[in-house]
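Quick look at data22.cif (mmCIF, C-alpha atoms and all ligand atoms):
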data_structure
#
loop_
_atom_site.label_atom_id
_atom_site.label_comp_id
_atom_site.auth_asym_id
_atom_site.auth_seq_id
_atom_site.Cartn_x
_atom_site.Cartn_y
_atom_site.Cartn_z
CA MET A 1 25.23 2.99 4.66
CA ALA A 2 24.30 2.73 8.29
CA ALA A 3 23.17 5.84 10.12
CA THR A 4 25.45 6.44 13.10
CA ALA A 5 25.74 9.16 15.72
CA SER A 6 24.86 12.54 14.26
CA VAL A 7 26.47 15.75 15.41
CA GLY A 8 24.52 18.62 16.88
CA ARG A 9 21.06 17.33 15.92
CA ALA A 10 18.36 15.72 18.01
CA SER A 11 17.71 12.90 15.55
CA ALA A 12 19.26 11.55 12.39
CA LEU A 13 15.80 11.69 10.81
CA GLU A 14 14.96 15.27 11.77
CA PRO A 15 13.82 17.13 8.64
CA TYR A 16 16.17 19.67 7.07
CA ASP A 17 14.49 22.23 4.79
CA GLY A 18 11.31 20.14 5.18
CA VAL A 19 12.91 16.97 3.80
CA ARG A 20 13.37 13.99 6.09
CA PRO A 21 16.51 11.99 5.21
CA ASP A 22 14.67 8.66 5.52
CA ALA A 23 14.73 5.44 3.47
CA ALA A 24 12.49 6.94 0.74
CA TRP A 25 14.85 9.93 0.41
CA ARG A 26 17.88 7.65 0.17
CA GLU A 27 16.23 5.48 -2.45
CA GLU A 28 15.24 8.51 -4.54
CA VAL A 29 18.70 10.11 -4.33
CA LEU A 30 20.43 6.89 -5.41
CA ARG A 31 17.90 6.26 -8.20
CA LEU A 32 18.37 9.76 -9.60
CA ALA A 33 22.16 9.50 -9.30
CA GLU A 34 22.10 6.26 -11.26
CA ARG A 35 19.86 7.77 -13.93
CA ARG A 36 22.33 10.64 -14.43
CA ASN A 37 25.38 8.37 -14.15
CA ALA A 38 26.42 10.68 -11.32
CA VAL A 39 28.93 10.13 -8.56
CA ILE A 40 28.16 11.80 -5.22
CA LEU A 41 31.20 13.06 -3.33
CA ALA A 42 30.99 14.38 0.24
CA HIS A 43 33.57 16.23 2.28
CA ASN A 44 34.18 15.07 5.86
CA TYR A 45 32.43 18.22 7.22
CA GLN A 46 29.10 17.50 5.55
CA LEU A 47 25.93 16.65 7.50
CA PRO A 48 25.99 12.99 8.63
CA GLU A 49 23.12 12.04 6.29
CA ILE A 50 24.98 13.48 3.30
CA GLN A 51 28.20 11.67 4.25
CA ASP A 52 26.27 8.41 4.62
CA ILE A 53 24.63 8.53 1.21
CA ALA A 54 27.69 9.68 -0.76
CA HIS A 55 29.52 7.21 -2.98
CA HIS A 56 32.79 8.61 -1.56
CA THR A 57 33.68 10.72 1.47
CA GLY A 58 37.07 12.21 2.17
CA ASP A 59 39.34 15.20 2.53
CA SER A 60 39.78 17.75 -0.21
CA LEU A 61 42.83 16.05 -1.76
CA ALA A 62 41.24 12.60 -1.87
CA LEU A 63 38.01 13.98 -3.35
CA SER A 64 39.96 15.88 -6.02
CA ARG A 65 41.71 12.65 -6.96
CA ILE A 66 38.45 10.70 -7.07
CA ALA A 67 36.81 13.43 -9.19
CA ALA A 68 39.74 13.39 -11.63
CA ASP A 69 39.64 9.58 -12.03
CA SER A 70 35.87 9.13 -12.14
CA ASP A 71 34.18 7.94 -15.32
CA ALA A 72 30.77 9.29 -14.22
CA ASP A 73 29.12 11.88 -16.49
CA THR A 74 28.16 14.08 -13.56
CA ILE A 75 29.96 14.87 -10.32
CA VAL A 76 27.69 16.01 -7.50
CA PHE A 77 30.03 17.76 -5.09
CA CYS A 78 28.66 17.95 -1.56
CA GLY A 79 31.15 20.40 -0.16
CA VAL A 80 31.95 24.06 -0.73
CA HIS A 81 32.28 25.96 -3.97
CA PHE A 82 36.07 25.89 -4.42
CA MET A 83 35.99 22.08 -4.14
CA ALA A 84 33.39 21.77 -6.92
CA GLU A 85 35.34 24.30 -8.99
CA THR A 86 38.50 22.20 -8.58
CA ALA A 87 36.60 19.16 -9.89
CA LYS A 88 35.46 21.20 -12.90
CA ILE A 89 39.03 22.41 -13.58
CA LEU A 90 40.19 18.78 -13.62
CA SER A 91 37.24 17.46 -15.64
CA PRO A 92 36.07 20.28 -17.92
CA THR A 93 33.89 18.02 -20.05
CA LYS A 94 31.92 16.65 -17.09
CA THR A 95 28.86 18.25 -15.56
CA VAL A 96 29.72 19.35 -12.03
CA LEU A 97 26.86 20.16 -9.66
CA ILE A 98 26.95 21.68 -6.20
CA PRO A 99 23.63 21.33 -4.36
CA ASP A 100 23.78 24.98 -3.20
CA GLU A 101 26.09 27.43 -4.97
CA ARG A 102 25.97 29.80 -1.99
CA ALA A 103 28.24 27.36 -0.12
CA GLY A 104 31.38 29.51 -0.16
CA CYS A 105 34.45 29.59 2.08
CA SER A 106 35.69 32.47 4.23
CA LEU A 107 39.28 31.32 3.76
CA ALA A 108 39.01 31.28 -0.05
CA ASP A 109 37.56 34.80 0.20
CA SER A 110 40.63 36.04 2.08
CA ILE A 111 42.72 36.47 -1.10
CA THR A 112 41.73 37.63 -4.60
CA ALA A 113 43.61 37.14 -7.88
CA GLU A 114 44.38 40.87 -7.83
CA ASP A 115 45.85 40.61 -4.30
CA LEU A 116 48.00 37.71 -5.44
CA ARG A 117 49.25 39.50 -8.56
CA ALA A 118 50.30 42.47 -6.42
CA TRP A 119 52.09 40.16 -3.94
CA LYS A 120 53.90 38.37 -6.78
CA ALA A 121 55.04 41.74 -8.16
CA GLU A 122 56.75 42.39 -4.79
CA HIS A 123 58.59 39.02 -5.01
CA PRO A 124 59.60 38.43 -8.62
CA GLY A 125 60.70 34.84 -9.30
CA ALA A 126 59.02 33.42 -6.17
CA VAL A 127 57.13 30.12 -6.43
CA VAL A 128 53.45 30.53 -5.53
CA VAL A 129 51.88 27.76 -3.45
CA SER A 130 48.15 28.18 -2.93
CA TYR A 131 45.99 26.13 -0.64
CA VAL A 132 43.17 24.41 -2.54
CA ASN A 133 40.78 26.66 -0.55
CA THR A 134 41.09 29.41 -3.19
CA THR A 135 39.05 30.52 -6.20
CA ALA A 136 39.81 29.30 -9.72
CA GLU A 137 41.14 32.80 -10.54
CA VAL A 138 43.69 32.57 -7.70
CA LYS A 139 44.67 29.05 -8.81
CA ALA A 140 45.28 30.46 -12.31
CA GLU A 141 47.98 32.73 -10.74
CA THR A 142 49.53 29.79 -8.84
CA ASP A 143 52.46 27.46 -9.58
CA VAL A 144 51.33 24.59 -7.40
CA CYS A 145 48.28 24.05 -5.20
CA CYS A 146 48.29 22.01 -2.00
CA THR A 147 45.87 20.74 0.61
CA SER A 148 46.38 20.30 4.33
CA SER A 149 47.45 16.69 3.73
CA ASN A 150 50.30 17.44 1.31
CA ALA A 151 51.29 21.09 1.98
CA VAL A 152 54.60 20.12 3.61
CA ASP A 153 55.50 17.72 0.76
CA VAL A 154 54.60 20.36 -1.85
CA VAL A 155 56.88 22.96 -0.25
CA ARG A 156 59.67 20.39 0.19
CA SER A 157 59.47 19.68 -3.57
CA ILE A 158 60.55 23.28 -4.32
CA PRO A 159 64.32 23.92 -4.55
CA ALA A 160 65.56 25.33 -1.23
CA ASP A 161 66.98 28.50 -2.76
CA ARG A 162 63.66 29.62 -4.32
CA GLU A 163 61.48 32.09 -2.45
CA VAL A 164 57.97 30.73 -1.76
CA LEU A 165 54.71 32.68 -1.42
CA PHE A 166 52.22 30.60 0.55
CA CYS A 167 48.56 31.61 0.63
CA PRO A 168 46.02 32.12 2.02
CA ASP A 169 45.97 30.33 5.40
CA GLN A 170 48.33 31.77 8.02
CA PHE A 171 48.05 28.83 10.45
CA LEU A 172 48.70 26.18 7.80
CA GLY A 173 51.53 28.44 6.51
CA ALA A 174 53.06 28.60 9.99
CA HIS A 175 52.83 24.80 10.25
CA VAL A 176 54.57 24.34 6.88
CA LYS A 177 57.27 26.84 7.83
CA ARG A 178 57.88 25.01 11.13
CA GLU A 179 58.02 21.58 9.45
CA THR A 180 60.29 22.62 6.57
CA GLY A 181 62.40 25.10 8.58
CA ARG A 182 62.27 27.32 5.53
CA GLU A 183 63.15 31.00 6.10
CA ASN A 184 62.34 32.09 2.53
CA LEU A 185 58.64 31.16 2.82
CA HIS A 186 56.27 34.14 3.06
CA VAL A 187 52.78 33.54 4.41
CA TRP A 188 49.56 35.41 3.54
CA ALA A 189 47.58 36.51 6.61
CA GLY A 190 44.27 34.79 5.74
CA GLU A 191 42.26 32.49 7.97
CA CYS A 192 39.15 30.36 8.17
CA HIS A 193 36.69 31.83 10.68
CA VAL A 194 35.74 28.36 11.94
CA HIS A 195 39.27 27.08 12.59
CA ALA A 196 40.70 30.40 13.80
CA GLY A 197 38.03 30.27 16.53
CA ILE A 198 39.39 27.00 17.96
CA ASN A 199 41.85 28.63 20.29
CA GLY A 200 44.83 27.69 22.45
CA PRO A 201 43.36 28.32 25.95
CA GLU A 202 40.33 26.16 25.08
CA LEU A 203 42.61 23.35 23.91
CA ALA A 204 44.90 23.63 26.97
CA GLU A 205 41.88 23.40 29.30
CA LYS A 206 40.47 20.31 27.54
CA ALA A 207 43.92 18.66 27.37
CA ALA A 208 44.43 19.20 31.12
CA ALA A 209 41.01 17.62 31.85
CA ASN A 210 41.78 14.60 29.59
CA PRO A 211 45.45 13.80 30.28
CA ASP A 212 45.42 10.46 28.40
CA ALA A 213 43.72 11.77 25.28
CA ASP A 214 45.25 12.07 21.82
CA LEU A 215 44.93 15.51 20.23
CA PHE A 216 43.93 15.55 16.54
CA ILE A 217 44.46 19.09 15.28
CA HIS A 218 43.69 20.43 11.80
CA PRO A 219 46.56 22.73 10.71
CA GLU A 220 44.11 25.56 9.91
CA CYS A 221 43.30 25.87 13.63
CA GLY A 222 44.29 28.85 15.70
CA CYS A 223 45.37 26.34 18.39
CA ALA A 224 47.88 24.38 16.26
CA THR A 225 50.84 26.33 17.66
CA SER A 226 49.52 25.95 21.22
CA ALA A 227 49.22 22.19 20.71
CA LEU A 228 52.90 21.97 19.78
CA TYR A 229 53.76 24.24 22.71
CA LEU A 230 51.90 21.89 25.10
CA ALA A 231 53.92 19.00 23.65
CA GLY A 232 57.17 20.98 23.87
CA GLU A 233 56.73 21.83 27.57
CA GLY A 234 55.66 18.25 28.36
CA THR A 235 52.01 19.00 29.35
CA VAL A 236 50.94 16.52 26.66
CA PRO A 237 53.28 13.71 25.51
CA GLN A 238 54.76 14.61 22.10
CA ASP A 239 53.43 11.48 20.38
CA ARG A 240 49.85 12.33 21.40
CA VAL A 241 49.76 15.60 19.43
CA LYS A 242 48.91 14.99 15.78
CA ILE A 243 48.55 17.77 13.21
CA LEU A 244 46.40 16.16 10.51
CA SER A 245 44.22 16.80 7.48
CA THR A 246 40.65 15.57 7.84
CA GLY A 247 41.40 12.40 5.85
CA ASP A 248 44.52 11.68 7.90
CA MET A 249 42.43 12.00 11.09
CA VAL A 250 40.35 9.02 9.96
CA LYS A 251 43.52 6.98 9.33
CA ALA A 252 44.97 8.02 12.71
CA ALA A 253 41.69 7.06 14.46
CA ARG A 254 42.09 3.51 13.15
CA GLY A 255 45.69 3.34 14.38
CA THR A 256 45.59 4.91 17.85
CA SER A 257 45.52 3.08 21.18
CA ALA A 258 43.99 6.12 22.96
CA ARG A 259 40.49 5.73 24.42
CA THR A 260 39.72 9.45 24.16
CA VAL A 261 40.61 11.81 21.33
CA LEU A 262 40.19 15.58 21.42
CA VAL A 263 39.39 16.83 17.94
CA ALA A 264 40.19 20.37 16.82
CA THR A 265 38.40 20.95 13.54
CA GLU A 266 34.90 21.47 12.14
CA VAL A 267 32.41 19.30 14.07
CA GLY A 268 31.16 17.38 11.00
CA MET A 269 34.44 15.46 11.27
CA LEU A 270 33.24 13.61 14.37
CA HIS A 271 30.81 11.56 12.28
CA GLN A 272 33.51 9.91 10.13
CA LEU A 273 35.77 9.43 13.17
CA ARG A 274 33.00 7.68 15.13
CA ARG A 275 32.27 5.48 12.14
CA ALA A 276 35.95 4.58 11.78
CA ALA A 277 36.54 3.81 15.49
CA PRO A 278 33.25 3.46 17.42
CA GLU A 279 35.05 2.33 20.58
CA ILE A 280 36.88 5.68 20.95
CA ASP A 281 35.37 8.69 22.72
CA PHE A 282 35.89 11.55 20.25
CA ARG A 283 35.29 15.00 21.77
CA ALA A 284 35.27 18.33 19.96
CA VAL A 285 37.71 20.91 21.39
CA ASN A 286 35.10 23.51 20.39
CA ASP A 287 31.64 22.09 19.76
CA ARG A 288 30.47 25.39 18.22
CA ALA A 289 32.97 25.03 15.37
CA ALA A 290 30.46 24.42 12.58
CA CYS A 291 30.97 25.70 9.02
CA ARG A 292 27.68 27.24 7.92
CA TYR A 293 28.72 26.91 4.28
CA MET A 294 29.25 23.16 4.55
CA LYS A 295 25.86 22.82 6.24
CA MET A 296 24.08 24.51 3.31
CA ILE A 297 24.19 21.15 1.55
CA THR A 298 21.00 19.73 3.02
CA PRO A 299 19.13 16.55 2.02
CA ALA A 300 16.59 18.82 0.25
CA ALA A 301 19.37 20.56 -1.69
CA LEU A 302 20.94 17.26 -2.75
CA LEU A 303 17.59 15.95 -3.96
CA ARG A 304 16.93 19.18 -5.89
CA ALA A 305 20.42 19.03 -7.47
CA LEU A 306 19.75 15.54 -8.80
CA ARG A 307 16.19 16.29 -9.92
CA GLU A 308 16.86 19.65 -11.57
CA GLY A 309 20.55 19.45 -12.51
CA ARG A 310 21.54 22.50 -10.50
CA ASP A 311 23.49 24.39 -9.31
CA GLU A 312 25.85 23.75 -12.17
CA VAL A 313 29.45 24.90 -11.67
CA HIS A 314 31.10 26.77 -14.53
CA VAL A 315 34.71 27.90 -14.72
CA ASP A 316 35.84 30.21 -17.50
CA PRO A 317 37.78 27.91 -19.89
CA ASP A 318 40.82 30.25 -20.04
CA VAL A 319 40.97 30.45 -16.25
CA ALA A 320 40.56 26.66 -15.98
CA GLU A 321 43.33 26.12 -18.51
CA ARG A 322 45.72 28.35 -16.53
CA ALA A 323 44.73 26.76 -13.19
CA ARG A 324 44.88 23.11 -14.30
CA GLY A 325 48.66 22.64 -14.11
CA ALA A 326 48.79 23.85 -10.48
CA VAL A 327 45.95 21.51 -9.47
CA GLN A 328 47.45 18.55 -11.33
CA ARG A 329 50.81 19.11 -9.60
CA MET A 330 48.94 19.08 -6.26
CA ILE A 331 47.30 15.74 -7.09
CA ALA A 332 50.63 14.20 -8.04
CA ILE A 333 52.35 15.08 -4.72
CA GLY A 334 51.79 13.18 -1.46
CA GLN A 335 50.33 9.87 -0.42
CA PRO A 336 47.07 8.70 -1.99
CA GLY A 337 44.31 8.03 0.56
CA GLY A 338 42.26 10.25 2.85
CA GLY A 339 39.01 9.11 1.27
CA GLU A 340 36.86 6.05 0.75
P1 LIG A 401 40.90 19.04 4.32
O1 LIG A 401 41.78 19.28 3.15
O2 LIG A 401 41.67 18.57 5.51
O3 LIG A 401 39.77 18.17 3.93
O4 LIG A 401 40.28 20.45 4.79
C1 LIG A 401 39.49 21.22 3.94
C2 LIG A 401 38.90 22.38 4.63
O5 LIG A 401 38.13 23.16 4.11
C3 LIG A 401 39.27 22.61 5.99
O6 LIG A 401 38.51 23.62 6.51
FE1 LIG A 402 36.24 27.22 4.37
FE2 LIG A 402 36.62 27.14 6.96
FE3 LIG A 402 34.37 26.17 5.96
FE4 LIG A 402 36.72 24.86 5.56
S1 LIG A 402 35.65 25.18 7.51
S2 LIG A 402 35.15 25.28 4.06
S3 LIG A 402 38.12 26.60 5.40
S4 LIG A 402 35.03 28.32 5.90
#

How would this structure read if it were set down as structure tokens?
Ligand code: 13P
Ligand code: SF4
Amino acid sequence: MAATASVGRASALEPYDGVRPDAAWREEVLRLAERRNAVILAHNYQLPEIQDIAHHTGDSLALSRIAADSDADTIVFCGVHFMAETAKILSPTKTVLIPDERAGCSLADSITAEDLRAWKAEHPGAVVVSYVNTTAEVKAETDVCCTSSNAVDVVRSIPADREVLFCPDQFLGAHVKRETGRENLHVWAGECHVHAGINGPELAEKAAANPDADLFIHPECGCATSALYLAGEGTVPQDRVKILSTGDMVKAARGTSARTVLVATEVGMLHQLRRAAPEIDFRAVNDRAACRYMKMITPAALLRALREGRDEVHVDPDVAERARGAVQRMIAIGQPGGGE
């Protein structure tokens, strides 16, 4: 687990919350994980030190699959709350810990179960597709969940004559609508504050300054439409614009011949990309795009989680029961991968 370039910090060994992520910290974390028979999962936006110590890193779909298949007694989810909740829905008998339960998600907060029930009442018979970035209560009102890596496949699996309600991300919804050409897909107007802030003019300026670069764009970004526009008008060659989930960005990094890649997503992503392809110059389209919730999972918080068994994630069993089918359908659709 080599330490590589860290993002936005002076040193990989700088203390966070007073804890230095050094060799002694690593040894203690792994010892405690072994004692609990715990598996540590880390999302691609986590701090570099957390990504490096995790047993598995990946995108939200890959981590859900790993959580569902794991035979560990405890899952320590280094990510945000909805991700840990999804693991608990899939594995109700396991202990699921999140190192800081305050790690929420502004996108998940953009729709409530009550909002969704009211929307469904306006469209009786519609199929509800919810992004995994939603609460367990919203998932319980959902027919099938999706992530950024399989959203298009999930919508394609629904008969063409059925109306679809897609929530809560408007930019991912617009991407799915464009890809499927589906007129009967209605999109909720939610957004992630981090990705919405990565805008078109910023991308156009960076693309003009780096004419040979690939563009890796997360579909939650406000600039996703602009990226396709740049490709459409020929400013950037079509094959250089890639709309990808975080896990698919790592796969694309291994396959590209580009020497420079402009990355439009949360900046934690740069760490996995640089690990996957150290010879490529990965540059953030917006280097202020950091998710403060993801960064709440500090080395100190991870150590505390393993020492004290908290914060434990609980999902009401009735809610989990109603949400499970939608999450299991999500896991079954799309290519495996996106994590390691
Ligand atoms: P991925 O599914 O691509 O990992 O994205 C999750 C997320 O929260 C994006 O902000
Ligand atoms: Fe939620 Fe946005 Fe953070 Fe992803 S980056 S966890 S969508 S707030």

Worksheet item: Using only C-alpha atoms and all ligand atoms, which protein or nucleic acid residues are at most 10 Å from ligand LIG 402 (chain A), as a ChimeraX atom specification?
Response: /A:43,45-46,60,79-83,103-109,131-134,169,191-196,220-221,265-268,289-295

Worksheet item: atom CA of A:Leu215 to atom CA of A:Met249: how many Å, to one decimal?
Response: 10.1 Å

Could you produce a table of the residues of chain A lying within 6 Å of ligand LIG 401 (chain A), with the nearest pair of atoms per residue and their separation in Å rounded to one decimal, using all atoms listed in the file, ordered by chain and increasing residue number, as CSV?
residue,atom,partner,partner_atom,distance
A:Asp59,CA,A:LIG401,O3,3.3
A:Ser60,CA,A:LIG401,O3,4.2
A:Leu61,CA,A:LIG401,O1,6.0
A:Thr147,CA,A:LIG401,O1,5.0
A:Ser148,CA,A:LIG401,O1,4.9
A:Ser245,CA,A:LIG401,O2,3.7
A:Thr246,CA,A:LIG401,O2,3.9

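Put simply, atom CA of A:Val152 is 8.4 Å away from atom CA of A:Lys177.
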
Worksheet entry | Interatomic distance (Å, one decimal) between atom CA of A:Gly190 and atom CA of A:Phe166 |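 Going from atom CA of A:Gly190 over to atom CA of A:Phe166 covers 10.4 Å.
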
Practice prompt. Tell me which protein, DNA and RNA residues are within 6 Å of stretch 197-213 of chain A, counting all atoms listed in the file, leaving out same-chain ones fewer than 3 positions away, and put them as an MDAnalysis selection string.
Written response: chainID A and resid 194 221:223 226 260:261

Discussion item. For a quick check of understanding, using only C-alpha atoms, which of A:Thr142, A:Ser130, A:Thr225, A:Gln272 has the smallest distance to A:Ala253?
Written reply: A:Gln272

Can you tell me which residues surround A:Glu321 at a distance of at most 12 Å, considering all atoms listed in the file, apart from same-chain residues fewer than 2 positions away, and format the answer as a compact mmCIF listing (two decimals) with C-alpha atoms, in the frame of the given file?
# COMPACT_ATOMS: atom_id res chain seq x y z
CA THR A 86 38.50 22.20 -8.58
CA LYS A 88 35.46 21.20 -12.90
CA ILE A 89 39.03 22.41 -13.58
CA LEU A 90 40.19 18.78 -13.62
CA SER A 91 37.24 17.46 -15.64
CA PRO A 92 36.07 20.28 -17.92
CA ALA A 136 39.81 29.30 -9.72
CA GLU A 137 41.14 32.80 -10.54
CA LYS A 139 44.67 29.05 -8.81
CA ALA A 140 45.28 30.46 -12.31
CA GLU A 141 47.98 32.73 -10.74
CA VAL A 315 34.71 27.90 -14.72
CA ASP A 316 35.84 30.21 -17.50
CA PRO A 317 37.78 27.91 -19.89
CA ASP A 318 40.82 30.25 -20.04
CA VAL A 319 40.97 30.45 -16.25
CA ALA A 323 44.73 26.76 -13.19
CA ARG A 324 44.88 23.11 -14.30
CA GLY A 325 48.66 22.64 -14.11
CA ALA A 326 48.79 23.85 -10.48
CA VAL A 327 45.95 21.51 -9.47
CA GLN A 328 47.45 18.55 -11.33

Worksheet item: Of the candidates A:Arg310, A:His218, A:Arg182, A:Arg322, which shows the shortest atom-to-atom distance to A:Pro99, using only C-alpha atoms?
Response: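 Ranking A:Arg310, A:His218, A:Arg182, A:Arg322 by distance to A:Pro99, first place goes to A:Arg310.
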
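A search radius of 7 Å centred on (48.9, 33.5, 3.5), applied to all atoms listed in the file, returns the residues Phe166, Cys167, Pro168, Asp169, Gln170, Gly173, Val187, Trp188, Ala189 and Gly190 of chain A.
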
Worksheet item: Pick from A:Arg20, A:Arg283, A:His175, A:Lys94: nearest to A:Met269, with only C-alpha atoms counted?
Response: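 Of all the options, A:Arg283 lies closest to A:Met269.
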
Practice prompt. Give me the residues within 9 Å of A:Val241 as a list in words, counting only C-alpha atoms and dropping any in the same chain fewer than 3 places off.
Written response: Asp214, Leu215, Phe216, Ile217, Ala227, Leu228, Leu230, Ala231, Val236, Pro237 and Gln238 of chain A

Worksheet item: Looking at only C-alpha atoms, which of A:Arg102, A:His56, A:Arg156, A:His271 is the one that sits closest to A:Val176?
Response: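 With only C-alpha atoms as the atom set, the closest residue is A:Arg156.
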
Selection: 9 Å around A:Ala87, all atoms listed in the file, excl. self and same-chain fewer than 6 positions, as an mmCIF file with C-alpha atoms, in the frame of the given file:
data_model
loop_
_atom_site.group_PDB
_atom_site.id
_atom_site.type_symbol
_atom_site.label_atom_id
_atom_site.label_comp_id
_atom_site.auth_asym_id
_atom_site.auth_seq_id
_atom_site.Cartn_x
_atom_site.Cartn_y
_atom_site.Cartn_z
ATOM 1 C CA LEU A 63 38.010 13.980 -3.350
ATOM 2 C CA SER A 64 39.960 15.880 -6.020
ATOM 3 C CA ARG A 65 41.710 12.650 -6.960
ATOM 4 C CA ALA A 67 36.810 13.430 -9.190
ATOM 5 C CA ALA A 68 39.740 13.390 -11.630
ATOM 6 C CA ILE A 75 29.960 14.870 -10.320
ATOM 7 C CA PHE A 77 30.030 17.760 -5.090
ATOM 8 C CA LYS A 94 31.920 16.650 -17.090
ATOM 9 C CA VAL A 96 29.720 19.350 -12.030
#

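Using all atoms listed in the file, the shortest contact distance between A:Leu97 and any of A:Ala277, A:Ala284, A:Ile331, A:Ala84 is found at A:Ala84.
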
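Proximity ranking of A:Ala126, A:Val154, A:Phe171, A:Pro299 relative to A:Asn184 places A:Ala126 first, based on only C-alpha atoms.
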
Repaired coordinates for stretch 53-64 of chain A (N, CA, C and O atoms) as a PDB file, in the frame of the given file:
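The resulting file, out-v1.pdb, is reproduced below:
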ATOM      1  N   ILE A  53      25.176   8.930   2.510  1.00  0.00           N
ATOM      2  CA  ILE A  53      24.630   8.530   1.210  1.00  0.00           C
ATOM      3  C   ILE A  53      25.643   8.677   0.077  1.00  0.00           C
ATOM      4  O   ILE A  53      25.465   8.100  -1.005  1.00  0.00           O
ATOM      5  N   ALA A  54      26.715   9.430   0.325  1.00  0.00           N
ATOM      6  CA  ALA A  54      27.690   9.680  -0.760  1.00  0.00           C
ATOM      7  C   ALA A  54      28.361   8.389  -1.206  1.00  0.00           C
ATOM      8  O   ALA A  54      28.540   7.461  -0.418  1.00  0.00           O
ATOM      9  N   HIS A  55      28.747   8.354  -2.496  1.00  0.00           N
ATOM     10  CA  HIS A  55      29.520   7.210  -2.980  1.00  0.00           C
ATOM     11  C   HIS A  55      30.930   7.248  -2.383  1.00  0.00           C
ATOM     12  O   HIS A  55      31.543   6.204  -2.171  1.00  0.00           O
ATOM     13  N   HIS A  56      31.453   8.466  -2.163  1.00  0.00           N
ATOM     14  CA  HIS A  56      32.790   8.610  -1.560  1.00  0.00           C
ATOM     15  C   HIS A  56      32.767   9.777  -0.589  1.00  0.00           C
ATOM     16  O   HIS A  56      32.192  10.820  -0.889  1.00  0.00           O
ATOM     17  N   THR A  57      33.447   9.586   0.552  1.00  0.00           N
ATOM     18  CA  THR A  57      33.680  10.720   1.470  1.00  0.00           C
ATOM     19  C   THR A  57      35.187  10.875   1.593  1.00  0.00           C
ATOM     20  O   THR A  57      35.931   9.910   1.364  1.00  0.00           O
ATOM     21  N   GLY A  58      35.633  12.061   1.987  1.00  0.00           N
ATOM     22  CA  GLY A  58      37.070  12.210   2.170  1.00  0.00           C
ATOM     23  C   GLY A  58      37.480  13.638   2.391  1.00  0.00           C
ATOM     24  O   GLY A  58      36.642  14.530   2.544  1.00  0.00           O
ATOM     25  N   ASP A  59      38.812  13.839   2.397  1.00  0.00           N
ATOM     26  CA  ASP A  59      39.340  15.200   2.530  1.00  0.00           C
ATOM     27  C   ASP A  59      39.441  15.820   1.139  1.00  0.00           C
ATOM     28  O   ASP A  59      39.127  15.180   0.128  1.00  0.00           O
ATOM     29  N   SER A  60      39.854  17.077   1.083  1.00  0.00           N
ATOM     30  CA  SER A  60      39.780  17.750  -0.210  1.00  0.00           C
ATOM     31  C   SER A  60      40.739  17.147  -1.235  1.00  0.00           C
ATOM     32  O   SER A  60      40.413  17.111  -2.425  1.00  0.00           O
ATOM     33  N   LEU A  61      41.900  16.648  -0.793  1.00  0.00           N
ATOM     34  CA  LEU A  61      42.830  16.050  -1.760  1.00  0.00           C
ATOM     35  C   LEU A  61      42.262  14.740  -2.318  1.00  0.00           C
ATOM     36  O   LEU A  61      42.242  14.512  -3.529  1.00  0.00           O
ATOM     37  N   ALA A  62      41.785  13.895  -1.422  1.00  0.00           N
ATOM     38  CA  ALA A  62      41.240  12.600  -1.870  1.00  0.00           C
ATOM     39  C   ALA A  62      40.056  12.811  -2.810  1.00  0.00           C
ATOM     40  O   ALA A  62      39.948  12.132  -3.843  1.00  0.00           O
ATOM     41  N   LEU A  63      39.178  13.760  -2.486  1.00  0.00           N
ATOM     42  CA  LEU A  63      38.010  13.980  -3.350  1.00  0.00           C
ATOM     43  C   LEU A  63      38.427  14.542  -4.699  1.00  0.00           C
ATOM     44  O   LEU A  63      37.833  14.199  -5.728  1.00  0.00           O
ATOM     45  N   SER A  64      39.461  15.378  -4.731  1.00  0.00           N
ATOM     46  CA  SER A  64      39.960  15.880  -6.020  1.00  0.00           C
ATOM     47  C   SER A  64      40.464  14.717  -6.863  1.00  0.00           C
ATOM     48  O   SER A  64      40.229  14.654  -8.067  1.00  0.00           O
TER      49      SER A  64
END
